[in-house]
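Data block for data_18.cif (mmCIF, C-alpha atoms and all ligand atoms):
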```cif
data_data
#
loop_
_atom_site.label_atom_id
_atom_site.label_comp_id
_atom_site.auth_asym_id
_atom_site.auth_seq_id
_atom_site.Cartn_x
_atom_site.Cartn_y
_atom_site.Cartn_z
CA MET A 28 72.38 -34.83 -24.53
CA THR A 29 69.08 -36.49 -25.38
CA SER A 30 67.94 -36.42 -28.97
CA ALA A 31 64.91 -34.26 -28.15
CA LYS A 32 67.16 -31.58 -26.62
CA LYS A 33 69.41 -31.34 -29.68
CA HIS A 34 66.62 -29.85 -31.80
CA SER A 35 66.19 -26.11 -31.76
CA THR A 36 62.99 -25.08 -30.04
CA PRO A 37 60.75 -23.26 -32.50
CA LYS A 38 60.65 -19.58 -31.57
CA PHE A 39 57.07 -19.20 -32.78
CA THR A 40 54.38 -21.77 -33.04
CA SER A 41 53.11 -21.78 -36.60
CA PRO A 42 49.35 -21.80 -37.32
CA PHE A 43 49.85 -25.56 -37.78
CA GLY A 44 51.49 -26.21 -34.41
CA ASN A 45 55.16 -27.23 -34.26
CA LEU A 46 57.15 -29.54 -36.48
CA LYS A 47 57.83 -32.49 -34.17
CA PRO A 48 61.43 -33.76 -34.00
CA ALA A 49 60.27 -37.18 -35.23
CA ASP A 50 58.67 -35.61 -38.32
CA PHE A 51 61.71 -33.39 -38.88
CA ASN A 52 63.94 -36.48 -38.70
CA ARG A 53 62.02 -38.46 -41.29
CA LEU A 54 61.76 -35.47 -43.64
CA SER A 55 65.41 -34.50 -43.31
CA GLN A 56 66.50 -38.11 -43.84
CA PHE A 57 64.44 -38.26 -47.04
CA ILE A 58 65.77 -34.89 -48.28
CA TYR A 59 69.33 -36.05 -47.64
CA THR A 60 68.85 -39.36 -49.45
CA GLU A 61 67.11 -37.83 -52.46
CA PHE A 62 68.82 -34.45 -52.83
CA GLY A 63 71.98 -34.64 -50.72
CA ILE A 64 70.96 -31.60 -48.68
CA HIS A 65 72.14 -32.01 -45.11
CA LEU A 66 69.76 -30.51 -42.57
CA PRO A 67 71.28 -30.65 -39.08
CA GLU A 68 68.91 -30.71 -36.14
CA LYS A 69 69.37 -26.99 -35.49
CA LYS A 70 67.52 -26.35 -38.78
CA LEU A 71 64.22 -27.68 -37.42
CA TYR A 72 62.71 -24.24 -37.01
CA LEU A 73 63.85 -23.13 -40.46
CA VAL A 74 62.27 -26.23 -42.03
CA GLN A 75 59.05 -25.65 -40.08
CA ASN A 76 58.97 -22.07 -41.30
CA ARG A 77 59.63 -22.95 -44.93
CA LEU A 78 57.04 -25.75 -45.01
CA THR A 79 54.25 -23.53 -43.63
CA LYS A 80 53.49 -22.28 -47.15
CA ARG A 81 53.06 -25.85 -48.42
CA LEU A 82 50.68 -26.78 -45.58
CA ARG A 83 48.63 -23.67 -46.24
CA GLU A 84 48.40 -24.36 -49.98
CA LEU A 85 47.47 -28.00 -49.39
CA ASN A 86 44.93 -27.10 -46.70
CA MET A 87 46.59 -29.40 -44.22
CA GLU A 88 46.30 -29.28 -40.46
CA SER A 89 49.66 -30.45 -39.20
CA TYR A 90 53.27 -31.14 -40.16
CA THR A 91 52.69 -34.80 -39.40
CA GLU A 92 49.94 -34.89 -42.03
CA TYR A 93 52.33 -33.18 -44.47
CA ALA A 94 55.21 -35.57 -43.72
CA ASP A 95 52.91 -38.58 -44.24
CA TYR A 96 51.71 -37.12 -47.52
CA VAL A 97 55.08 -36.26 -49.00
CA LEU A 98 56.78 -39.45 -47.84
CA GLN A 99 54.12 -41.62 -49.42
CA GLY A 100 55.96 -40.85 -52.64
CA ASN A 101 53.93 -37.96 -53.99
CA LYS A 102 56.50 -36.91 -56.62
CA GLU A 103 54.94 -33.57 -57.43
CA GLU A 104 54.97 -32.57 -53.76
CA VAL A 105 58.52 -33.82 -53.30
CA LEU A 106 59.63 -31.29 -55.93
CA LYS A 107 57.57 -28.53 -54.37
CA MET A 108 59.07 -29.35 -50.98
CA ILE A 109 62.62 -29.10 -52.31
CA GLU A 110 61.76 -25.73 -53.84
CA VAL A 111 60.85 -24.29 -50.46
CA ILE A 112 63.64 -26.06 -48.57
CA SER A 113 66.54 -25.08 -50.85
CA THR A 114 68.28 -21.74 -50.31
CA ASN A 115 68.46 -19.77 -53.54
CA LYS A 116 70.41 -16.66 -52.58
CA THR A 117 72.41 -15.38 -55.51
CA ASP A 118 73.58 -12.11 -57.11
CA PHE A 119 74.93 -10.84 -60.38
CA PHE A 120 78.73 -10.90 -60.42
CA ARG A 121 78.83 -12.60 -57.03
CA GLU A 122 82.38 -13.19 -55.77
CA GLN A 123 84.08 -10.67 -58.03
CA ARG A 124 87.49 -12.34 -57.68
CA HIS A 125 86.34 -15.15 -59.95
CA PHE A 126 85.32 -12.69 -62.65
CA ASP A 127 88.69 -10.94 -62.38
CA PHE A 128 90.37 -14.34 -62.75
CA LEU A 129 88.27 -15.10 -65.86
CA SER A 130 89.08 -11.74 -67.44
CA GLU A 131 92.75 -12.52 -67.11
CA VAL A 132 92.79 -16.17 -68.02
CA ILE A 133 90.32 -16.46 -70.91
CA PRO A 134 92.25 -14.32 -73.44
CA GLU A 135 95.49 -16.18 -72.59
CA LYS A 136 94.14 -19.70 -72.52
CA TRP A 137 91.19 -19.88 -74.86
CA LYS A 138 91.81 -17.23 -77.51
CA GLY A 139 89.60 -17.81 -80.54
CA GLU A 140 87.90 -20.86 -79.02
CA ASN A 141 84.22 -21.70 -78.64
CA LEU A 142 83.58 -22.04 -74.94
CA LYS A 143 81.05 -24.07 -72.99
CA LEU A 144 80.31 -23.23 -69.35
CA TRP A 145 78.07 -24.89 -66.78
CA SER A 146 76.59 -23.28 -63.69
CA ALA A 147 75.61 -26.22 -61.47
CA GLY A 148 73.15 -24.90 -58.88
CA CYS A 149 72.37 -21.77 -60.91
CA SER A 150 69.41 -20.52 -58.86
CA SER A 151 67.46 -17.76 -60.65
CA GLY A 152 70.09 -17.26 -63.36
CA GLN A 153 72.21 -14.33 -62.19
CA GLU A 154 75.42 -16.41 -62.31
CA VAL A 155 74.65 -17.67 -65.81
CA TYR A 156 73.91 -14.18 -67.13
CA SER A 157 76.96 -12.64 -65.44
CA LEU A 158 79.17 -15.21 -67.18
CA ALA A 159 77.36 -14.73 -70.48
CA MET A 160 77.88 -10.94 -70.30
CA LEU A 161 81.59 -11.40 -69.65
CA LEU A 162 81.89 -13.83 -72.57
CA GLU A 163 79.78 -11.71 -74.90
CA ASN A 164 82.14 -8.82 -74.23
CA PHE A 165 85.07 -11.06 -75.26
CA ARG A 166 83.19 -12.36 -78.29
CA GLU A 167 82.42 -8.84 -79.55
CA ARG A 168 86.15 -8.09 -79.53
CA ASN A 169 86.95 -11.40 -81.30
CA ILE A 170 88.88 -12.63 -78.30
CA ILE A 171 86.85 -15.81 -78.18
CA GLY A 172 84.69 -17.51 -80.81
CA ASP A 173 81.21 -18.45 -79.70
CA TYR A 174 80.03 -19.56 -76.27
CA GLN A 175 77.20 -21.17 -74.38
CA VAL A 176 76.39 -21.05 -70.66
CA CYS A 177 74.10 -23.75 -69.25
CA GLY A 178 72.46 -23.51 -65.86
CA THR A 179 70.98 -26.39 -63.89
CA ASP A 180 69.12 -26.46 -60.61
CA VAL A 181 66.87 -28.73 -58.57
CA SER A 182 64.20 -26.04 -58.15
CA ALA A 183 61.84 -25.63 -61.10
CA ARG A 184 60.65 -22.33 -59.62
CA VAL A 185 64.07 -20.64 -59.83
CA LEU A 186 64.66 -22.11 -63.29
CA GLU A 187 61.46 -20.44 -64.49
CA GLN A 188 62.70 -17.11 -63.15
CA ALA A 189 66.06 -17.72 -64.82
CA GLN A 190 64.44 -18.41 -68.17
CA LEU A 191 62.27 -15.31 -67.90
CA ALA A 192 65.39 -13.22 -67.12
CA VAL A 193 63.39 -10.40 -65.54
CA TYR A 194 64.75 -8.91 -62.30
CA PRO A 195 64.02 -5.95 -60.03
CA TYR A 196 65.83 -2.84 -61.21
CA LYS A 197 67.94 -2.61 -58.05
CA TYR A 198 69.67 -5.92 -58.87
CA ALA A 199 71.37 -4.14 -61.78
CA GLU A 200 73.55 -2.29 -59.27
CA ASP A 201 75.79 -5.38 -59.12
CA ILE A 202 76.35 -5.36 -62.88
CA PRO A 203 79.34 -3.33 -64.15
CA GLU A 204 78.21 -0.10 -65.82
CA PRO A 205 79.42 -0.91 -69.38
CA TYR A 206 77.55 -4.24 -69.31
CA ARG A 207 74.41 -2.58 -67.91
CA LYS A 208 74.31 -0.28 -70.91
CA LYS A 209 74.87 -3.01 -73.47
CA TYR A 210 73.12 -6.08 -72.12
CA LEU A 211 70.03 -4.93 -70.19
CA LEU A 212 66.57 -3.85 -71.28
CA LYS A 213 64.69 -1.51 -68.93
CA SER A 214 60.93 -1.57 -68.37
CA LYS A 215 59.01 1.58 -69.29
CA ASP A 216 56.80 1.27 -66.21
CA GLN A 217 58.56 3.55 -63.70
CA THR A 218 56.48 2.36 -60.71
CA HIS A 219 57.51 -1.31 -61.03
CA SER A 220 60.93 -0.81 -62.44
CA LYS A 221 62.40 -4.01 -63.83
CA ILE A 222 65.31 -5.04 -66.00
CA ARG A 223 65.45 -7.85 -68.52
CA ILE A 224 68.55 -9.51 -69.93
CA ALA A 225 68.94 -8.61 -73.62
CA PRO A 226 68.00 -11.29 -76.19
CA ASN A 227 71.55 -11.62 -77.60
CA ILE A 228 72.71 -12.76 -74.15
CA ARG A 229 69.64 -14.89 -73.43
CA LYS A 230 70.03 -16.88 -76.60
CA LYS A 231 73.48 -18.06 -75.51
CA THR A 232 72.10 -19.65 -72.36
CA CYS A 233 70.08 -22.74 -71.50
CA PHE A 234 68.45 -23.93 -68.29
CA THR A 235 67.66 -27.51 -67.26
CA TRP A 236 66.39 -29.23 -64.15
CA MET A 237 69.03 -31.46 -62.57
CA ASN A 238 69.59 -33.11 -59.22
CA LEU A 239 73.31 -32.92 -58.44
CA ALA A 240 73.04 -35.48 -55.64
CA THR A 241 72.84 -38.35 -58.16
CA GLY A 242 76.51 -37.77 -59.09
CA MET A 243 75.70 -38.73 -62.70
CA TYR A 244 74.95 -35.98 -65.16
CA ASN A 245 73.59 -36.49 -68.59
CA PHE A 246 75.37 -33.94 -70.76
CA PRO A 247 76.36 -34.81 -74.33
CA GLU A 248 79.38 -32.47 -74.23
CA ASP A 249 82.06 -31.52 -71.75
CA PHE A 250 82.72 -28.03 -70.42
CA HIS A 251 85.71 -25.69 -70.36
CA MET A 252 84.55 -24.32 -67.01
CA ILE A 253 82.13 -25.50 -64.36
CA PHE A 254 80.79 -23.25 -61.60
CA CYS A 255 79.40 -25.00 -58.56
CA ARG A 256 79.43 -22.08 -56.20
CA ASN A 257 77.61 -21.76 -52.89
CA THR A 258 75.86 -25.07 -53.51
CA LEU A 259 78.30 -27.69 -52.17
CA ILE A 260 77.92 -26.02 -48.79
CA TYR A 261 74.46 -27.63 -48.40
CA PHE A 262 75.89 -31.14 -48.83
CA ASP A 263 77.93 -33.21 -46.41
CA LEU A 264 81.42 -34.46 -47.31
CA THR A 265 80.19 -37.75 -48.81
CA VAL A 266 77.77 -36.01 -51.17
CA GLN A 267 80.24 -33.21 -51.95
CA GLN A 268 82.77 -35.81 -53.04
CA LYS A 269 80.23 -37.59 -55.22
CA VAL A 270 79.16 -34.30 -56.82
CA VAL A 271 82.69 -33.05 -57.46
CA ASN A 272 83.70 -36.38 -59.03
CA GLY A 273 80.57 -36.23 -61.21
CA LEU A 274 81.36 -32.66 -62.28
CA LEU A 275 84.95 -33.64 -63.08
CA GLU A 276 83.70 -36.21 -65.58
CA HIS A 277 82.24 -33.33 -67.58
CA LEU A 278 85.21 -31.00 -67.31
CA LEU A 279 87.63 -30.89 -70.25
CA PRO A 280 91.29 -31.57 -69.42
CA GLY A 281 92.86 -28.26 -68.36
CA GLY A 282 89.38 -26.85 -67.61
CA TYR A 283 88.47 -25.04 -64.41
CA LEU A 284 86.10 -25.84 -61.57
CA PHE A 285 84.97 -22.86 -59.48
CA VAL A 286 83.51 -23.35 -56.01
CA GLY A 287 82.26 -20.72 -53.56
CA HIS A 288 84.87 -18.76 -51.62
CA SER A 289 83.89 -20.58 -48.42
CA GLU A 290 83.84 -24.05 -49.99
CA ALA A 291 87.43 -25.31 -50.15
CA LEU A 292 87.62 -28.92 -51.33
CA ILE A 293 89.64 -30.05 -48.36
CA ASN A 294 89.52 -33.55 -46.84
CA MET A 295 88.17 -34.84 -50.13
CA ASN A 296 89.51 -37.84 -51.89
CA ILE A 297 89.54 -36.36 -55.37
CA LYS A 298 92.21 -37.17 -57.91
CA GLY A 299 93.00 -34.96 -60.86
CA LEU A 300 92.23 -31.51 -59.47
CA LYS A 301 94.81 -28.87 -58.65
CA LEU A 302 94.11 -25.66 -56.72
CA ILE A 303 95.38 -22.78 -58.85
CA SER A 304 93.74 -19.73 -57.32
CA PRO A 305 91.48 -19.30 -54.26
CA SER A 306 88.46 -21.58 -54.86
CA VAL A 307 89.49 -22.30 -58.48
CA TYR A 308 90.64 -25.81 -59.41
CA GLN A 309 92.11 -27.10 -62.66
CA LYS A 310 91.58 -30.55 -64.09
CA ILE A 311 94.96 -32.19 -64.52
CA GLU A 312 96.00 -35.59 -65.82
CA TYR A 313 96.23 -38.15 -63.09
CA HIS A 314 97.89 -41.60 -63.24
CA GLU A 315 97.65 -44.19 -60.42
C1 LIG A 401 72.71 -20.50 -52.80
S1 LIG A 401 72.28 -20.96 -54.42
C2 LIG A 401 73.78 -20.57 -55.30
C3 LIG A 401 73.51 -19.90 -56.62
C4 LIG A 401 74.76 -19.51 -57.41
N1 LIG A 401 75.54 -20.65 -57.76
C5 LIG A 401 75.58 -18.50 -56.66
O1 LIG A 401 76.69 -18.81 -56.22
O2 LIG A 401 75.12 -17.36 -56.50
C6 LIG A 401 72.32 -22.76 -54.33
C7 LIG A 401 71.46 -23.43 -55.39
O3 LIG A 401 71.73 -24.83 -55.37
C8 LIG A 401 70.54 -25.51 -55.65
N2 LIG A 401 70.62 -26.90 -55.17
C9 LIG A 401 70.55 -27.36 -53.90
N3 LIG A 401 70.60 -28.70 -53.88
C10 LIG A 401 70.69 -29.10 -55.17
C11 LIG A 401 70.75 -30.36 -55.80
N4 LIG A 401 70.73 -31.50 -55.10
N5 LIG A 401 70.83 -30.40 -57.15
C12 LIG A 401 70.85 -29.26 -57.86
N6 LIG A 401 70.79 -28.03 -57.34
C13 LIG A 401 70.70 -27.95 -56.00
C14 LIG A 401 69.47 -24.69 -54.93
O4 LIG A 401 68.18 -24.90 -55.46
C15 LIG A 401 69.99 -23.26 -55.14
O5 LIG A 401 69.35 -22.62 -56.20
#
```
Please rewrite the model in this file as structure tokens.
Ligand SMILES: C[S@@+](CC[C@H](N)C(=O)[O-])C[C@H]1O[C@@H](n2cnc3c(N)ncnc32)[C@H](O)[C@@H]1O
Amino acid sequence: MTSAKKHSTPKFTSPFGNLKPADFNRLSQFIYTEFGIHLPEKKLYLVQNRLTKRLRELNMESYTEYADYVLQGNKEEVLKMIEVISTNKTDFFREQRHFDFLSEVIPEKWKGENLKLWSAGCSSGQEVYSLAMLLENFRERNIIGDYQVCGTDVSARVLEQAQLAVYPYKYAEDIPEPYRKKYLLKSKDQTHSKIRIAPNIRKKTCFTWMNLATGMYNFPEDFHMIFCRNTLIYFDLTVQQKVVNGLLEHLLPGGYLFVGHSEALINMNIKGLKLISPSVYQKIEYHE
């Protein structure tokens, strides 16, 4: 098959024409090198679609003009580009099995302890706040001491949303009823109904920009649990391995690493991790 044929044919021509395979190739190569995100050729149309907004805002005429601009090293635009390219789908209490696991294991394993958790690839904060609600519920009953949940992401836009902690009312449907009552504030405006995470939960969280693809993370402390869920899936095996090894360096011995249910760490050369439950790994001692 020739290289031109491997690219998906755009279904619609955008107001800026089509993203040419050559421009897609240089952009996707750059995105892979800088952010580890693997964009196979079949994603050409998706990339074209997502970049349209940037071209419009920059008043540009073609994708070639955009590719030239961003690849000249315009750092601000590089970050804006990654914001539109990355997929930020998330939910409160996503993948319930992990929360069931936590409810069982935390009182047994970490009774009375102060816990630190990291959501790596936290998107707009729902994962961080779900974990914080679960931990706050344990803290209120003196099952654990204090806790902190940190979220990091490569998109400044989603981090802003996370920090604001305001969500459409319908998102609350995913939050268990007892938590909804205790940990959510409701807007008075009935026409634009919104929820906000209560201040006692918000103050236990922090959000920071971080590019996981570097494999080196600057945290002063290590974590009892790290959640890197539905994020590794955007990386290829080489980057996944680098990221998981980097995360492991910040996981306390005996601590847990959670990945998405469809992200088994198979075919990876990673020492010191043991699968203990579906998509939950424990850091174990490893000697050569
Ligand atoms: C699909 S969301 C997953 C959110 C949440 N963990 C969950 O499971 O619901 C993936 C997130 O990973 C982030 N991401 C992608 N590449 C990244 C990178 N190189 N460094 C840090 N975050 C990245 C995206 O911006 C996005 O918000």
Notebook entry, point to check: Which of these, A:Asn245, A:Thr40, A:Ser55, A:Thr179, has the shortest distance to ligand LIG 401 (chain A) once you count only C-alpha atoms and all ligand atoms?
Noted result: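 Once distances to ligand LIG 401 (chain A) are computed over only C-alpha atoms and all ligand atoms, the minimum belongs to A:Thr179.
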Would you give the centre and edge lengths, in Å to one decimal, of a box along x, y and z around the listed atoms of ligand LIG 401 (chain A), with 5 Å added to each side, as AutoDock Vina command-line options?
```
--center_x 72.4 --center_y -24.4 --center_z -55.3 --size_x 18.5 --size_y 24.1 --size_z 15.1
```
Margin query: Could you check the closest approach to ligand LIG 401 (chain A) for each of A:Leu186, A:Met252, A:Leu46, A:Leu85 and tell me which residue wins, using all atoms listed in the file?
Written below: A:Leu186
Next item on the list: Grab the atom N6 of ligand LIG 401 (chain A) to CA of Leu239 in chain A distance for me, in Å with one decimal place.
Entry: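 Spanning atom N6 of ligand LIG 401 (chain A) to CA of Leu239 in chain A is a straight-line distance of 5.6 Å.
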Note to self: 6 Å from ligand LIG 401 (chain A) is the threshold here; counting all atoms listed in the file, which polymer residues fall inside it? Answer as an NGL selection string.
What the structure shows: :A and (62-64 or 113-118 or 148-150 or 154 or 180-182 or 237-240 or 255-258)
Those same residues - C-alpha atoms - I'd like them written as a PDB file, in the coordinates of the input.
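Saved as again26.pdb:
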```pdb
ATOM      1  CA  PHE A  62      68.820 -34.450 -52.830  1.00  0.00           C
ATOM      2  CA  GLY A  63      71.980 -34.640 -50.720  1.00  0.00           C
ATOM      3  CA  ILE A  64      70.960 -31.600 -48.680  1.00  0.00           C
ATOM      4  CA  SER A 113      66.540 -25.080 -50.850  1.00  0.00           C
ATOM      5  CA  THR A 114      68.280 -21.740 -50.310  1.00  0.00           C
ATOM      6  CA  ASN A 115      68.460 -19.770 -53.540  1.00  0.00           C
ATOM      7  CA  LYS A 116      70.410 -16.660 -52.580  1.00  0.00           C
ATOM      8  CA  THR A 117      72.410 -15.380 -55.510  1.00  0.00           C
ATOM      9  CA  ASP A 118      73.580 -12.110 -57.110  1.00  0.00           C
ATOM     10  CA  GLY A 148      73.150 -24.900 -58.880  1.00  0.00           C
ATOM     11  CA  CYS A 149      72.370 -21.770 -60.910  1.00  0.00           C
ATOM     12  CA  SER A 150      69.410 -20.520 -58.860  1.00  0.00           C
ATOM     13  CA  GLU A 154      75.420 -16.410 -62.310  1.00  0.00           C
ATOM     14  CA  ASP A 180      69.120 -26.460 -60.610  1.00  0.00           C
ATOM     15  CA  VAL A 181      66.870 -28.730 -58.570  1.00  0.00           C
ATOM     16  CA  SER A 182      64.200 -26.040 -58.150  1.00  0.00           C
ATOM     17  CA  MET A 237      69.030 -31.460 -62.570  1.00  0.00           C
ATOM     18  CA  ASN A 238      69.590 -33.110 -59.220  1.00  0.00           C
ATOM     19  CA  LEU A 239      73.310 -32.920 -58.440  1.00  0.00           C
ATOM     20  CA  ALA A 240      73.040 -35.480 -55.640  1.00  0.00           C
ATOM     21  CA  CYS A 255      79.400 -25.000 -58.560  1.00  0.00           C
ATOM     22  CA  ARG A 256      79.430 -22.080 -56.200  1.00  0.00           C
ATOM     23  CA  ASN A 257      77.610 -21.760 -52.890  1.00  0.00           C
ATOM     24  CA  THR A 258      75.860 -25.070 -53.510  1.00  0.00           C
TER      25      THR A 258
END
```
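CA of Ile303 in chain A to CA of Val270 in chain A spans 20.0 Å [interatomic distance, one decimal].
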Item checked: 8 Å contact set for range 102-110 of chain A, all atoms listed in the file, chain neighbours under 5 positions out, as a PyMOL selection string -> chain A and resi 58+78+81+97+181-184
Checklist line | d(CA of Ala192 in chain A, CA of Ile224 in chain A) in Å | finding: 5.6 Å
Notebook entry, point to check: Taking (63.8, -29.8, -40.4) in the file's coordinates, which residues come within 6 Å, counting only C-alpha atoms, written as a ChimeraX atom specification?
Noted result: /A:51,55,70-71,74
Check: Of the candidates A:Tyr194, A:Asn45, A:Ile202, A:Gly178, which one gets nearest to Leu161 in chain A if we count all atoms listed in the file?
Finding: A:Ile202
Item checked: Exercise: Ala159 in chain A partners within 12 Å, all atoms listed in the file, chain neighbours under 3 positions left out, as a ChimeraX atom specification -> /A:119-120,126,129,142-146,152-156,162-167,173-178,206,210,224-233
Next item on the list: Identify which of the residues A:Val286, A:Ile170, A:Leu300, A:Leu73 lies closest to Ile260 in chain A, counting only C-alpha atoms when measuring atom-to-atom distances.
Entry: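 That would be A:Val286, the residue with the smallest distance to Ile260 in chain A.
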Margin query: From the options A:Phe57, A:His277, A:Gly242, A:Ser220, which residue's atoms come nearest to Tyr198 in chain A, counting only C-alpha atoms?
Written below: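 For Tyr198 in chain A, the nearest of the candidates is A:Ser220.
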Note to self: Just checking: using only C-alpha atoms, which residue out of A:Asn294, A:Ser304, A:Ser151, A:Gln75 ends up closest to Tyr90 in chain A?
What the structure shows: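 So, comparing all the options, the nearest one is A:Gln75.
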Note to self: Need the shell around Leu292 in chain A: protein/DNA/RNA residues with any atom at most 10 Å away, counting all atoms listed in the file. Skip same-chain ones fewer than 6 positions apart. Format as a VMD selection string?
What the structure shows: chain A and resid 259 264 267 to 268 271 286 300 302 306 to 308
Please reconstruct the missing atoms of range 188-203 of chain A (target: N, CA, C and O atoms) and return them as a PDB file, keeping the file's coordinate frame.
```pdb
ATOM      1  N   GLN A 188      62.257 -18.515 -63.274  1.00  0.00           N
ATOM      2  CA  GLN A 188      62.700 -17.110 -63.150  1.00  0.00           C
ATOM      3  C   GLN A 188      63.927 -16.871 -64.034  1.00  0.00           C
ATOM      4  O   GLN A 188      64.040 -15.837 -64.697  1.00  0.00           O
ATOM      5  N   ALA A 189      64.835 -17.860 -64.025  1.00  0.00           N
ATOM      6  CA  ALA A 189      66.060 -17.720 -64.820  1.00  0.00           C
ATOM      7  C   ALA A 189      65.719 -17.587 -66.304  1.00  0.00           C
ATOM      8  O   ALA A 189      66.255 -16.734 -67.004  1.00  0.00           O
ATOM      9  N   GLN A 190      64.810 -18.431 -66.756  1.00  0.00           N
ATOM     10  CA  GLN A 190      64.440 -18.410 -68.170  1.00  0.00           C
ATOM     11  C   GLN A 190      63.769 -17.093 -68.562  1.00  0.00           C
ATOM     12  O   GLN A 190      63.992 -16.574 -69.642  1.00  0.00           O
ATOM     13  N   LEU A 191      62.971 -16.573 -67.649  1.00  0.00           N
ATOM     14  CA  LEU A 191      62.270 -15.310 -67.900  1.00  0.00           C
ATOM     15  C   LEU A 191      63.268 -14.150 -67.968  1.00  0.00           C
ATOM     16  O   LEU A 191      63.120 -13.223 -68.758  1.00  0.00           O
ATOM     17  N   ALA A 192      64.287 -14.210 -67.124  1.00  0.00           N
ATOM     18  CA  ALA A 192      65.390 -13.220 -67.120  1.00  0.00           C
ATOM     19  C   ALA A 192      64.928 -11.807 -66.789  1.00  0.00           C
ATOM     20  O   ALA A 192      65.503 -10.836 -67.270  1.00  0.00           O
ATOM     21  N   VAL A 193      63.880 -11.708 -65.981  1.00  0.00           N
ATOM     22  CA  VAL A 193      63.390 -10.400 -65.540  1.00  0.00           C
ATOM     23  C   VAL A 193      63.723 -10.256 -64.051  1.00  0.00           C
ATOM     24  O   VAL A 193      63.438 -11.162 -63.259  1.00  0.00           O
ATOM     25  N   TYR A 194      64.314  -9.106 -63.681  1.00  0.00           N
ATOM     26  CA  TYR A 194      64.750  -8.910 -62.300  1.00  0.00           C
ATOM     27  C   TYR A 194      64.387  -7.498 -61.834  1.00  0.00           C
ATOM     28  O   TYR A 194      64.277  -6.587 -62.663  1.00  0.00           O
ATOM     29  N   PRO A 195      64.246  -7.309 -60.524  1.00  0.00           N
ATOM     30  CA  PRO A 195      64.020  -5.950 -60.030  1.00  0.00           C
ATOM     31  C   PRO A 195      65.179  -5.035 -60.452  1.00  0.00           C
ATOM     32  O   PRO A 195      66.333  -5.470 -60.491  1.00  0.00           O
ATOM     33  N   TYR A 196      64.853  -3.817 -60.704  1.00  0.00           N
ATOM     34  CA  TYR A 196      65.830  -2.840 -61.210  1.00  0.00           C
ATOM     35  C   TYR A 196      67.055  -2.741 -60.297  1.00  0.00           C
ATOM     36  O   TYR A 196      68.187  -2.625 -60.755  1.00  0.00           O
ATOM     37  N   LYS A 197      66.810  -2.817 -58.986  1.00  0.00           N
ATOM     38  CA  LYS A 197      67.940  -2.610 -58.050  1.00  0.00           C
ATOM     39  C   LYS A 197      69.011  -3.711 -58.180  1.00  0.00           C
ATOM     40  O   LYS A 197      70.156  -3.486 -57.810  1.00  0.00           O
ATOM     41  N   TYR A 198      68.661  -4.862 -58.705  1.00  0.00           N
ATOM     42  CA  TYR A 198      69.670  -5.920 -58.870  1.00  0.00           C
ATOM     43  C   TYR A 198      70.767  -5.502 -59.865  1.00  0.00           C
ATOM     44  O   TYR A 198      71.874  -6.019 -59.850  1.00  0.00           O
ATOM     45  N   ALA A 199      70.405  -4.564 -60.749  1.00  0.00           N
ATOM     46  CA  ALA A 199      71.370  -4.140 -61.780  1.00  0.00           C
ATOM     47  C   ALA A 199      72.575  -3.430 -61.170  1.00  0.00           C
ATOM     48  O   ALA A 199      73.625  -3.325 -61.810  1.00  0.00           O
ATOM     49  N   GLU A 200      72.427  -2.981 -59.924  1.00  0.00           N
ATOM     50  CA  GLU A 200      73.550  -2.290 -59.270  1.00  0.00           C
ATOM     51  C   GLU A 200      74.812  -3.159 -59.227  1.00  0.00           C
ATOM     52  O   GLU A 200      75.923  -2.646 -59.199  1.00  0.00           O
ATOM     53  N   ASP A 201      74.626  -4.476 -59.196  1.00  0.00           N
ATOM     54  CA  ASP A 201      75.790  -5.380 -59.120  1.00  0.00           C
ATOM     55  C   ASP A 201      76.450  -5.602 -60.479  1.00  0.00           C
ATOM     56  O   ASP A 201      77.484  -6.259 -60.558  1.00  0.00           O
ATOM     57  N   ILE A 202      75.825  -5.121 -61.525  1.00  0.00           N
ATOM     58  CA  ILE A 202      76.350  -5.360 -62.880  1.00  0.00           C
ATOM     59  C   ILE A 202      77.239  -4.181 -63.281  1.00  0.00           C
ATOM     60  O   ILE A 202      76.833  -3.028 -63.135  1.00  0.00           O
ATOM     61  N   PRO A 203      78.467  -4.450 -63.770  1.00  0.00           N
ATOM     62  CA  PRO A 203      79.340  -3.330 -64.150  1.00  0.00           C
ATOM     63  C   PRO A 203      78.650  -2.412 -65.174  1.00  0.00           C
ATOM     64  O   PRO A 203      77.953  -2.891 -66.071  1.00  0.00           O
TER      65      PRO A 203
END
```
